[in-house]
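What follows is the content of upload.cif (mmCIF, C-alpha atoms).
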data_start
loop_
_atom_site.label_atom_id
_atom_site.label_comp_id
_atom_site.auth_asym_id
_atom_site.auth_seq_id
_atom_site.Cartn_x
_atom_site.Cartn_y
_atom_site.Cartn_z
CA MET Z 1 0.00 0.00 0.00
CA LYS Z 2 2.74 2.38 1.07
CA LEU Z 3 4.75 1.60 -2.05
CA ILE Z 4 1.74 2.01 -4.34
CA VAL Z 5 0.79 5.39 -2.89
CA ARG Z 6 4.38 6.63 -2.99
CA SER Z 7 4.80 5.46 -6.58
CA LEU Z 8 1.56 7.21 -7.57
CA VAL Z 9 2.64 10.47 -5.98
CA VAL Z 10 6.10 10.34 -7.55
CA ALA Z 11 4.49 9.57 -10.92
CA LEU Z 12 2.23 12.61 -10.52
CA ALA Z 13 5.19 14.84 -9.68
CA VAL Z 14 7.29 13.56 -12.60
CA THR Z 15 4.35 13.96 -15.02
CA GLY Z 16 3.82 17.51 -13.81
CA ALA Z 17 7.51 18.33 -14.19
CA ILE Z 18 7.66 16.94 -17.75
CA ALA Z 19 4.41 18.67 -18.74
CA SER Z 20 5.56 22.04 -17.41
CA SER Z 21 8.68 21.82 -19.54
CA TYR Z 22 6.52 21.40 -22.66
CA ALA Z 23 4.32 24.43 -22.06
CA LYS Z 24 5.13 27.55 -24.06
CA ALA Z 25 5.77 30.80 -22.23
CA PRO Z 26 3.51 32.62 -21.50
CA ALA Z 27 1.39 29.47 -21.52
CA THR Z 28 -2.35 29.45 -21.20
CA THR Z 29 -3.82 26.95 -18.86
CA ALA Z 30 -7.40 26.24 -17.84
CA LYS Z 31 -9.47 24.95 -14.96
CA THR Z 32 -9.66 21.26 -14.31
CA SER Z 33 -13.31 21.22 -15.25
CA ALA Z 34 -15.64 19.80 -17.86
CA MET Z 35 -16.58 23.38 -18.75
CA PRO Z 36 -15.21 24.46 -22.16
CA VAL Z 37 -12.31 26.92 -21.98
CA PRO Z 38 -12.98 30.39 -23.46
CA THR Z 39 -9.77 30.64 -25.45
CA CYS Z 40 -11.05 33.27 -27.93
CA ALA Z 41 -10.71 36.93 -26.99
CA PRO Z 42 -13.96 38.81 -26.28
CA ASN Z 43 -15.72 40.52 -29.24
CA THR Z 44 -14.21 38.09 -31.74
CA GLY Z 45 -17.17 35.76 -32.11
CA GLY Z 46 -19.02 33.32 -29.91
CA CYS Z 47 -16.21 30.74 -29.91
CA GLY Z 48 -18.77 27.91 -30.00
CA LEU Z 49 -20.78 29.00 -26.96
CA GLY Z 50 -24.31 27.57 -26.93
CA THR Z 51 -23.39 24.48 -28.93
CA TRP Z 52 -22.54 22.05 -26.15
CA MET N 1 -16.84 15.28 -29.79
CA SER N 2 -19.83 13.88 -27.92
CA ILE N 3 -21.60 16.83 -26.37
CA SER N 4 -23.90 14.66 -24.25
CA ILE N 5 -20.95 13.05 -22.39
CA LEU N 6 -19.35 16.43 -21.80
CA ARG N 7 -22.63 17.83 -20.51
CA ALA N 8 -23.13 14.79 -18.26
CA LEU N 9 -19.64 15.27 -16.84
CA GLY N 10 -20.46 18.93 -16.24
CA TYR N 11 -23.65 18.03 -14.34
CA LEU N 12 -21.79 15.39 -12.35
CA GLU N 13 -19.11 17.93 -11.47
CA VAL N 14 -21.68 20.37 -10.05
CA ALA N 15 -23.44 17.56 -8.15
CA LEU N 16 -20.18 16.26 -6.65
CA CYS N 17 -19.14 19.80 -5.74
CA VAL N 18 -22.36 20.33 -3.80
CA ALA N 19 -22.12 16.86 -2.22
CA ALA N 20 -18.53 17.45 -1.06
CA LEU N 21 -19.45 20.86 0.35
CA VAL N 22 -22.48 19.47 2.21
CA THR N 23 -20.37 16.61 3.64
CA LEU N 24 -17.72 19.09 4.73
CA VAL N 25 -20.32 21.18 6.57
CA THR N 26 -22.25 18.27 8.12
CA ARG N 27 -19.01 16.69 9.39
CA LYS N 28 -18.18 20.02 11.08
CA GLN N 29 -14.87 20.28 9.27
CA ILE N 30 -15.52 23.66 7.70
CA SER N 31 -13.43 25.55 10.28
CA ASP N 32 -10.35 23.44 9.48
CA TYR N 33 -10.99 23.41 5.74
CA ALA N 34 -12.54 26.85 5.23
CA ALA N 35 -10.52 27.52 2.05
CA LEU N 36 -11.60 24.18 0.57
CA GLY N 37 -15.23 24.92 1.40
CA THR N 38 -14.98 28.32 -0.29
CA PHE N 39 -13.24 26.71 -3.28
CA LEU N 40 -16.10 24.20 -3.67
CA GLY N 41 -18.67 26.97 -3.32
CA VAL N 42 -16.98 29.17 -5.94
CA ARG N 43 -16.53 26.23 -8.31
CA GLY N 44 -20.15 25.08 -7.97
CA LEU N 45 -21.56 28.57 -8.40
CA SER N 46 -19.36 29.48 -11.38
CA ASN N 47 -20.21 26.21 -13.13
CA VAL N 48 -23.93 26.81 -12.68
CA ILE N 49 -23.54 30.31 -14.17
CA LEU N 50 -21.46 28.96 -17.10
CA PHE N 51 -24.04 26.26 -17.79
CA TRP N 52 -26.83 28.79 -17.70
CA LEU N 53 -24.94 31.08 -20.12
CA ASN N 54 -24.49 28.20 -22.56
CA PHE N 55 -28.17 27.26 -22.48
CA TYR N 56 -29.28 30.87 -22.71
CA THR N 57 -27.01 31.40 -25.74
CA ALA N 58 -28.48 28.31 -27.41
CA ALA N 59 -31.96 29.78 -26.90
CA HIS N 60 -30.96 33.31 -28.00
CA PRO N 61 -28.30 32.97 -30.75
CA SER N 62 -28.50 36.69 -31.59
CA ARG N 63 -26.93 37.55 -28.24
CA THR N 64 -24.04 35.12 -28.57
CA GLN N 65 -21.33 37.80 -28.61
CA SER N 66 -22.39 39.60 -25.44
CA LEU N 67 -23.07 36.33 -23.62
CA TYR N 68 -19.67 34.99 -24.65
CA ASN N 69 -18.07 38.09 -23.14
CA VAL N 70 -19.86 37.34 -19.85
CA TYR N 71 -18.81 33.68 -20.09
CA PHE N 72 -15.20 34.79 -20.62
CA GLY N 73 -15.30 37.10 -17.59
CA VAL N 74 -16.98 34.59 -15.26
CA TYR N 75 -14.60 31.80 -16.30
CA TRP N 76 -11.35 33.71 -15.87
CA ILE N 77 -12.35 35.62 -12.73
CA SER N 78 -13.53 32.42 -11.02
CA PHE N 79 -10.31 30.74 -12.21
CA ALA N 80 -8.22 33.49 -10.58
CA VAL N 81 -10.20 33.25 -7.32
CA GLU N 82 -9.86 29.46 -7.33
CA SER N 83 -6.10 29.69 -7.89
CA VAL N 84 -5.71 31.94 -4.85
CA LEU N 85 -8.02 29.67 -2.83
CA ALA N 86 -5.97 26.64 -3.87
CA LEU N 87 -2.89 28.38 -2.46
CA LEU N 88 -4.80 28.94 0.79
CA ILE N 89 -5.87 25.27 0.85
CA VAL N 90 -2.23 24.21 0.52
CA TYR N 91 -1.30 26.63 3.31
CA GLY N 92 -4.07 25.28 5.56
CA LEU N 93 -3.11 21.67 4.84
CA PHE N 94 0.49 22.33 5.76
CA ARG N 95 -0.64 24.01 8.99
CA LEU N 96 -2.87 21.06 9.91
CA ALA N 97 -0.28 18.44 8.95
CA MET N 98 2.46 20.07 11.01
CA ALA N 99 0.28 20.86 14.05
CA PRO N 100 2.13 18.45 16.42
CA LEU N 101 5.53 19.93 15.52
CA LYS N 102 4.92 23.57 16.42
CA GLY N 103 8.44 24.77 15.73
CA LEU N 104 8.59 23.31 12.23
CA GLN N 105 5.03 24.47 11.60
CA THR N 106 5.93 28.09 12.37
CA LEU N 107 9.10 27.92 10.29
CA GLY N 108 7.38 26.14 7.39
CA MET N 109 4.50 28.60 7.32
CA LEU N 110 6.93 31.50 7.23
CA VAL N 111 8.79 29.89 4.31
CA PHE N 112 5.47 29.11 2.60
CA LYS N 113 4.29 32.71 2.87
CA TRP N 114 7.48 33.91 1.24
CA ALA N 115 7.34 31.23 -1.47
CA ALA N 116 3.68 32.03 -2.22
CA GLY N 117 4.37 35.77 -2.30
CA ILE N 118 7.31 35.35 -4.66
CA SER N 119 5.25 32.96 -6.83
CA VAL N 120 2.49 35.54 -7.22
CA ALA N 121 5.02 38.28 -8.02
CA VAL N 122 6.82 36.08 -10.57
CA ALA N 123 3.47 35.05 -12.12
CA LEU N 124 2.42 38.68 -12.55
CA GLY N 125 5.85 39.70 -13.85
CA SER N 126 6.54 36.82 -16.24
CA ALA N 127 3.09 37.09 -17.84
CA PHE N 128 3.95 40.53 -19.15
CA THR N 129 5.21 40.89 -22.71
CA PRO N 130 5.45 44.13 -24.69
CA GLY N 131 2.37 45.07 -26.71
CA MET N 132 0.09 42.78 -24.75
CA SER N 133 -3.56 43.76 -24.27
CA GLY N 134 -5.14 43.87 -20.82
CA LEU N 135 -7.22 40.73 -21.34
CA LYS N 136 -4.33 38.73 -22.71
CA TYR N 137 -2.26 39.83 -19.76
CA LEU N 138 -5.04 38.74 -17.40
CA MET N 139 -5.20 35.29 -19.02
CA ALA N 140 -1.42 34.90 -18.99
CA ALA N 141 -1.09 36.08 -15.38
CA ILE N 142 -3.82 33.73 -14.15
CA SER N 143 -2.26 30.86 -16.10
CA GLN N 144 1.17 31.56 -14.61
CA LEU N 145 -0.34 31.81 -11.13
CA GLN N 146 -2.07 28.49 -11.69
CA ARG N 147 1.17 26.86 -12.81
CA THR N 148 3.19 28.08 -9.84
CA GLN N 149 0.36 27.08 -7.50
CA SER N 150 0.31 23.63 -9.14
CA ILE N 151 4.04 23.20 -8.55
CA LEU N 152 3.66 24.22 -4.89
CA THR N 153 0.76 21.78 -4.53
CA VAL N 154 2.73 18.87 -5.99
CA CYS N 155 5.59 19.72 -3.60
CA LEU N 156 3.14 19.66 -0.66
CA LEU N 157 1.75 16.31 -1.79
CA LEU N 158 5.26 14.86 -1.98
CA PHE N 159 6.04 16.20 1.50
CA VAL N 160 2.79 14.88 3.06
CA THR N 161 3.25 11.46 1.43
CA PHE N 162 6.83 10.94 2.50
CA ALA N 163 6.59 12.54 5.95
CA ILE N 164 3.19 11.06 6.82
CA ARG N 165 4.45 8.72 9.57
CA PRO N 166 6.41 11.28 11.65
CA MET N 167 3.30 13.49 11.59
CA GLY N 168 1.11 10.72 13.05
CA LEU N 169 -1.08 10.52 9.94
CA SER N 170 -2.12 7.64 7.71
CA TYR N 171 -3.32 7.29 4.14
CA LYS N 172 -6.88 7.35 5.51
CA SER N 173 -6.39 10.83 7.02
CA ARG N 174 -8.35 13.68 5.50
CA ILE N 175 -5.19 15.74 5.20
CA PHE N 176 -3.76 13.11 2.87
CA GLY N 177 -7.06 12.77 0.97
CA VAL N 178 -7.32 16.50 0.31
CA SER N 179 -3.62 16.67 -0.65
CA LEU N 180 -4.03 13.75 -3.05
CA GLY N 181 -7.02 15.38 -4.72
CA LEU N 182 -5.21 18.70 -5.04
CA GLY N 183 -2.11 16.93 -6.36
CA LEU N 184 -4.15 15.16 -9.04
CA MET N 185 -5.70 18.46 -10.04
CA ALA N 186 -2.33 20.24 -10.07
CA THR N 187 -0.72 17.58 -12.27
CA ASN N 188 -3.67 17.72 -14.64
CA ASP N 189 -3.36 21.53 -14.79
CA LEU N 190 0.28 21.23 -15.80
CA VAL N 191 -0.47 18.60 -18.47
CA GLN N 192 -3.38 20.66 -19.73
CA SER N 193 -1.17 23.71 -19.98
CA ALA N 194 1.09 21.79 -22.38
CA TRP N 195 -1.92 20.47 -24.32
CA LEU N 196 -3.52 23.91 -24.76
CA ALA N 197 -0.27 25.29 -26.13
CA PHE N 198 -0.79 23.04 -29.19
CA ASN N 199 -4.64 22.90 -29.29
CA PRO N 200 -6.01 26.31 -28.30
CA ASN N 201 -9.71 25.53 -28.91
CA MET N 202 -12.69 26.05 -26.65
CA ALA N 203 -13.89 22.45 -26.72
CA THR N 204 -11.19 19.84 -27.26
CA ALA N 205 -10.81 16.16 -26.49
CA TYR N 206 -8.99 17.19 -23.33
CA ASN N 207 -12.32 18.36 -21.87
CA TYR N 208 -13.18 14.68 -21.31
CA VAL N 209 -9.94 14.17 -19.36
CA ASN N 210 -10.66 17.34 -17.41
CA GLY N 211 -14.20 16.28 -16.64
CA PHE N 212 -13.10 12.83 -15.55
CA ILE N 213 -10.26 14.13 -13.35
CA ILE N 214 -12.36 16.76 -11.58
CA CYS N 215 -15.09 14.20 -10.87
CA LEU N 216 -12.43 11.84 -9.48
CA VAL N 217 -10.99 14.63 -7.31
CA LEU N 218 -14.39 15.76 -5.98
CA GLY N 219 -15.38 12.15 -5.37
CA THR N 220 -12.14 11.56 -3.44
CA TRP N 221 -12.74 14.61 -1.26
CA GLY N 222 -16.38 13.67 -0.66
CA ALA N 223 -15.41 10.10 0.29
CA TYR N 224 -12.64 11.21 2.65
CA PHE N 225 -15.00 13.60 4.43
CA ALA N 226 -17.90 11.14 4.52
CA LEU N 227 -15.87 8.27 5.99
CA PRO N 228 -14.74 8.44 9.64
CA GLU N 229 -11.18 9.62 10.01
CA PRO N 230 -8.74 7.50 12.06
CA LYS N 231 -7.37 9.34 15.08
CA ARG N 232 -3.92 10.76 14.83
CA ARG N 233 -1.39 8.31 16.23
CA ILE N 234 0.82 9.19 19.18
CA ILE N 235 3.95 10.52 17.62
CA VAL N 236 6.98 8.70 18.95
CA LEU N 237 10.23 9.94 17.56
CA PRO N 238 13.70 8.65 18.41
CA THR N 239 15.79 11.18 20.27
CA THR N 240 18.13 11.24 17.29
CA SER N 241 15.29 12.07 14.86
CA PRO N 242 16.10 15.04 12.63
CA PHE N 243 12.40 16.06 12.84
CA LEU N 244 12.69 16.41 16.62
CA ARG N 245 16.02 18.21 16.44
CA TRP N 246 14.84 20.69 13.80
CA ASN N 247 11.60 21.22 15.71
CA GLN N 248 13.53 22.13 18.86
CA ILE N 249 15.78 24.48 16.90
CA SER N 250 12.80 26.10 15.17
CA GLU N 251 10.98 26.59 18.48
CA ALA N 252 13.97 28.47 19.85
CA LEU N 253 14.26 30.66 16.75
CA GLY N 254 12.90 34.15 17.19
CA ASP N 255 12.47 33.86 20.95
CA ASP N 256 13.21 36.96 22.98
CA PRO N 257 16.60 36.19 24.59
CA GLY N 258 17.46 36.93 28.22
CA TYR N 259 19.72 39.91 29.05
CA VAL N 260 22.61 40.22 31.52
CA ALA N 261 23.73 43.57 32.95
CA VAL N 262 27.50 43.62 32.67
CA GLY N 263 28.29 47.18 33.65
CA GLY N 264 27.06 50.68 34.36
CA VAL N 265 24.46 49.49 36.86
CA PRO N 266 23.99 52.10 39.65
CA PRO N 267 23.53 50.64 43.17
CA GLU N 268 20.28 52.57 43.57
CA LEU N 269 18.63 50.05 41.20
CA PHE N 270 18.95 47.31 43.82
CA ALA N 271 16.84 46.88 46.93
CA PRO N 272 18.70 47.16 50.30
CA ALA N 273 18.18 43.44 50.93
CA GLU N 274 19.74 42.60 47.54
CA LEU N 275 22.73 44.81 48.30
CA GLU N 276 23.18 43.10 51.68
CA VAL N 277 23.08 39.65 50.03
CA MET N 278 25.69 40.72 47.50
CA ARG N 279 27.92 42.26 50.19
CA ARG N 280 27.85 39.07 52.25
CA ALA N 281 28.48 36.92 49.20
CA SER N 282 31.46 39.09 48.28
CA LEU N 283 32.87 38.71 51.78
CA LYS N 284 32.57 34.92 51.58
CA MET N 285 34.35 34.89 48.22
CA VAL N 286 37.24 36.88 49.71
CA THR N 287 37.74 34.43 52.60
CA GLN N 288 37.40 31.34 50.39
CA PHE N 289 39.92 32.55 47.83
CA PRO N 290 42.70 34.44 49.59
CA ALA N 291 45.04 36.47 47.49
CA PRO N 292 48.27 34.60 46.52
CA ALA N 293 50.38 37.35 48.13
CA GLU N 294 48.81 36.66 51.55
CA GLN N 295 49.58 32.93 51.62
CA PRO N 296 53.32 33.02 52.46
CA GLN N 297 52.53 35.41 55.30
CA LEU N 298 50.00 32.95 56.78
CA VAL N 299 52.50 30.11 56.51
CA SER N 300 55.19 32.12 58.22
CA THR N 301 52.78 33.05 61.05
CA SER N 302 51.88 29.41 61.68
CA SER N 303 55.54 28.30 61.62
CA ALA N 304 56.46 31.06 64.11
CA GLY N 305 53.67 29.87 66.46
#
Before anything else, please render the file you have as structure tokens.
Amino acid sequence: MKLIVRSLVVALAVTGAIASSYAKAPATTAKTSAMPVPTCAPNTGGCGLGTW
Amino acid sequence: MSISILRALGYLEVALCVAALVTLVTRKQISDYAALGTFLGVRGLSNVILFWLNFYTAAHPSRTQSLYNVYFGVYWISFAVESVLALLIVYGLFRLAMAPLKGLQTLGMLVFKWAAGISVAVALGSAFTPGMSGLKYLMAAISQLQRTQSILTVCLLLFVTFAIRPMGLSYKSRIFGVSLGLGLMATNDLVQSAWLAFNPNMATAYNYVNGFIICLVLGTWGAYFALPEPKRRIIVLPTTSPFLRWNQISEALGDDPGYVAVGGVPPELFAPAELEVMRRASLKMVTQFPAPAEQPQLVSTSSAG
């Protein structure tokens, strides 16, 4: 149990570290949520709102 | 992209958010996890508003532009609030986890405040690029804040996992459960950040991953708060434990030291009784330790007698 939990946590940390090295600067991120991310700037169209 | 699955995940997210918040309140844990409770409240409320905006836009397509602007504002403002709240959750978790080791708790919280402050400053500074509009800056700053907060969260999770035994906790403790959920969310945020750099669309396949992860996180929190928590074990540390040693050192740090008067003290400061005690003590010291010059004289007196 201890080994499994520790391995999981280390895997999470390593994944996070690798992922952060891939992000462009300044990177855009989004909420961990099922809600679609409004990536379009305002006043440039609806960006697909109302279709999901 | 299957809209119905995405919508179902969205509904489930709101339901789990409310369930976790209700469990937190009914278990009377809200005082210890106030930041988490606020986070769940903000998340639930913002999701309801975002859902409503989507449905309202579907019913009134002519108002899509203005409603999208509202959607944009609600999403990013709630995101910024949640990022700050996540920092406060991490702070609160560290405080709770380190409660038995007061010295290390104080020192750690001081370090955390500085790290969080510097993270916010770096996030605001590094998001700035010349010629950037206000909204783009807002998005970049919030994203940077989220990334630094995610890194801090993963660090906390590593710390809690590997130092769980000296803190008297177990993997069934709520502190670990909340840290695990936050760690999952933080790792997903970092992965998502890399994904969005290559797929900057409003609805992408990653929304499924996001929906699944947040439901898993909220379910984990709800389960940890619903189930009874094992009592904290008695913490027994060997006398050679570095935790104990550092705790003792940290407890002594910042204490007001004692002071010794070494000179320039006028006799009027002392009470007459104190002066008498000192006079008698001085007399005793003189008789106990005679001056070396007097000793031959004493010897010669005794030999003459």
Worksheet item: Written as a PyMOL selection string, what is the full residue list that the PyMOL selection byres ((chain N) within 7 of (chain Z)) yields on the file shown?
Response: chain N and resi 3+6+9-10+54-55+57-58+64-65+68-69+72+79+127+139-140+143+154+158+161+185+187-194+196-197+200-203+207-208+210-211+214
Discussion item. Once the PyMOL selection byres ((chain N and resi 74) around 12) is applied to the coordinates I shared, what remains selected? I want it as a VMD selection string.
Written reply: (chain Z and resid 35 37 to 38) or (chain N and resid 42 to 43 45 to 53 67 to 73 75 to 82)
Discussion item. Rounded to one decimal, what separation in Å do you get between atom CA of N:Ser250 and atom CA of N:Lys102?
Written reply: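 Taking atom CA of N:Ser250 and atom CA of N:Lys102, their separation equals 8.4 Å.
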Discussion item. Please compute the atom CA of N:Ile142-atom CA of N:Phe39 distance, one decimal, in Å.
Written reply: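 Computed distance, atom CA of N:Ile142 to atom CA of N:Phe39, equals 16.0 Å.
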Worksheet entry | Separation of atom CA of N:Leu104 from atom CA of N:Leu88, in Å and rounded to one decimal |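 According to the coordinates, atom CA of N:Leu104 and atom CA of N:Leu88 are separated by 18.5 Å.
Shell of N:Leu152 at 9 Å, with all atoms listed in the file counted and residues fewer than 6 places along the chain excluded, is Leu87, Val90, Ala115, Ala116 and Ala186 of chain N.
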Worksheet item: Applied to this file, what does the PyMOL selection byres ((chain N and resi 96) around 10) return in terms of residues, put as a list of chain:residue names?
Response: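 For this structure, the PyMOL selection byres ((chain N and resi 96) around 10) resolves to N:Asp32, N:Tyr33, N:Val90, N:Tyr91, N:Gly92, N:Leu93, N:Phe94, N:Arg95, N:Ala97, N:Met98, N:Ala99, N:Pro100, N:Gln105, N:Met167, N:Ile175.
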Discussion item. Which residues are close to N:Ile234, i.e. within 12 Å by only C-alpha atoms, leaving aside same-chain residues fewer than 5 positions away? Reply as a list in words.
Written reply: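 Near N:Ile234, the qualifying residues are Pro100, Arg165, Pro166, Met167, Gly168, Leu169 and Ser170 of chain N.
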Worksheet entry | Counting all atoms listed in the file, the residue of N:Pro130, N:Gly177, N:Pro266, N:Gly222 that sits nearest N:Glu13 |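 Looking only at the distances to N:Glu13, the closest residue turns out to be N:Gly222.
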Practice prompt. Up to 10 Å from (-6.0, 14.1, -4.0) in the file's coordinates: name the residues, counting all atoms listed in the file, as a PyMOL selection string.
Written response: (chain Z and resi 9) or (chain N and resi 157+174-186+216-221+224)
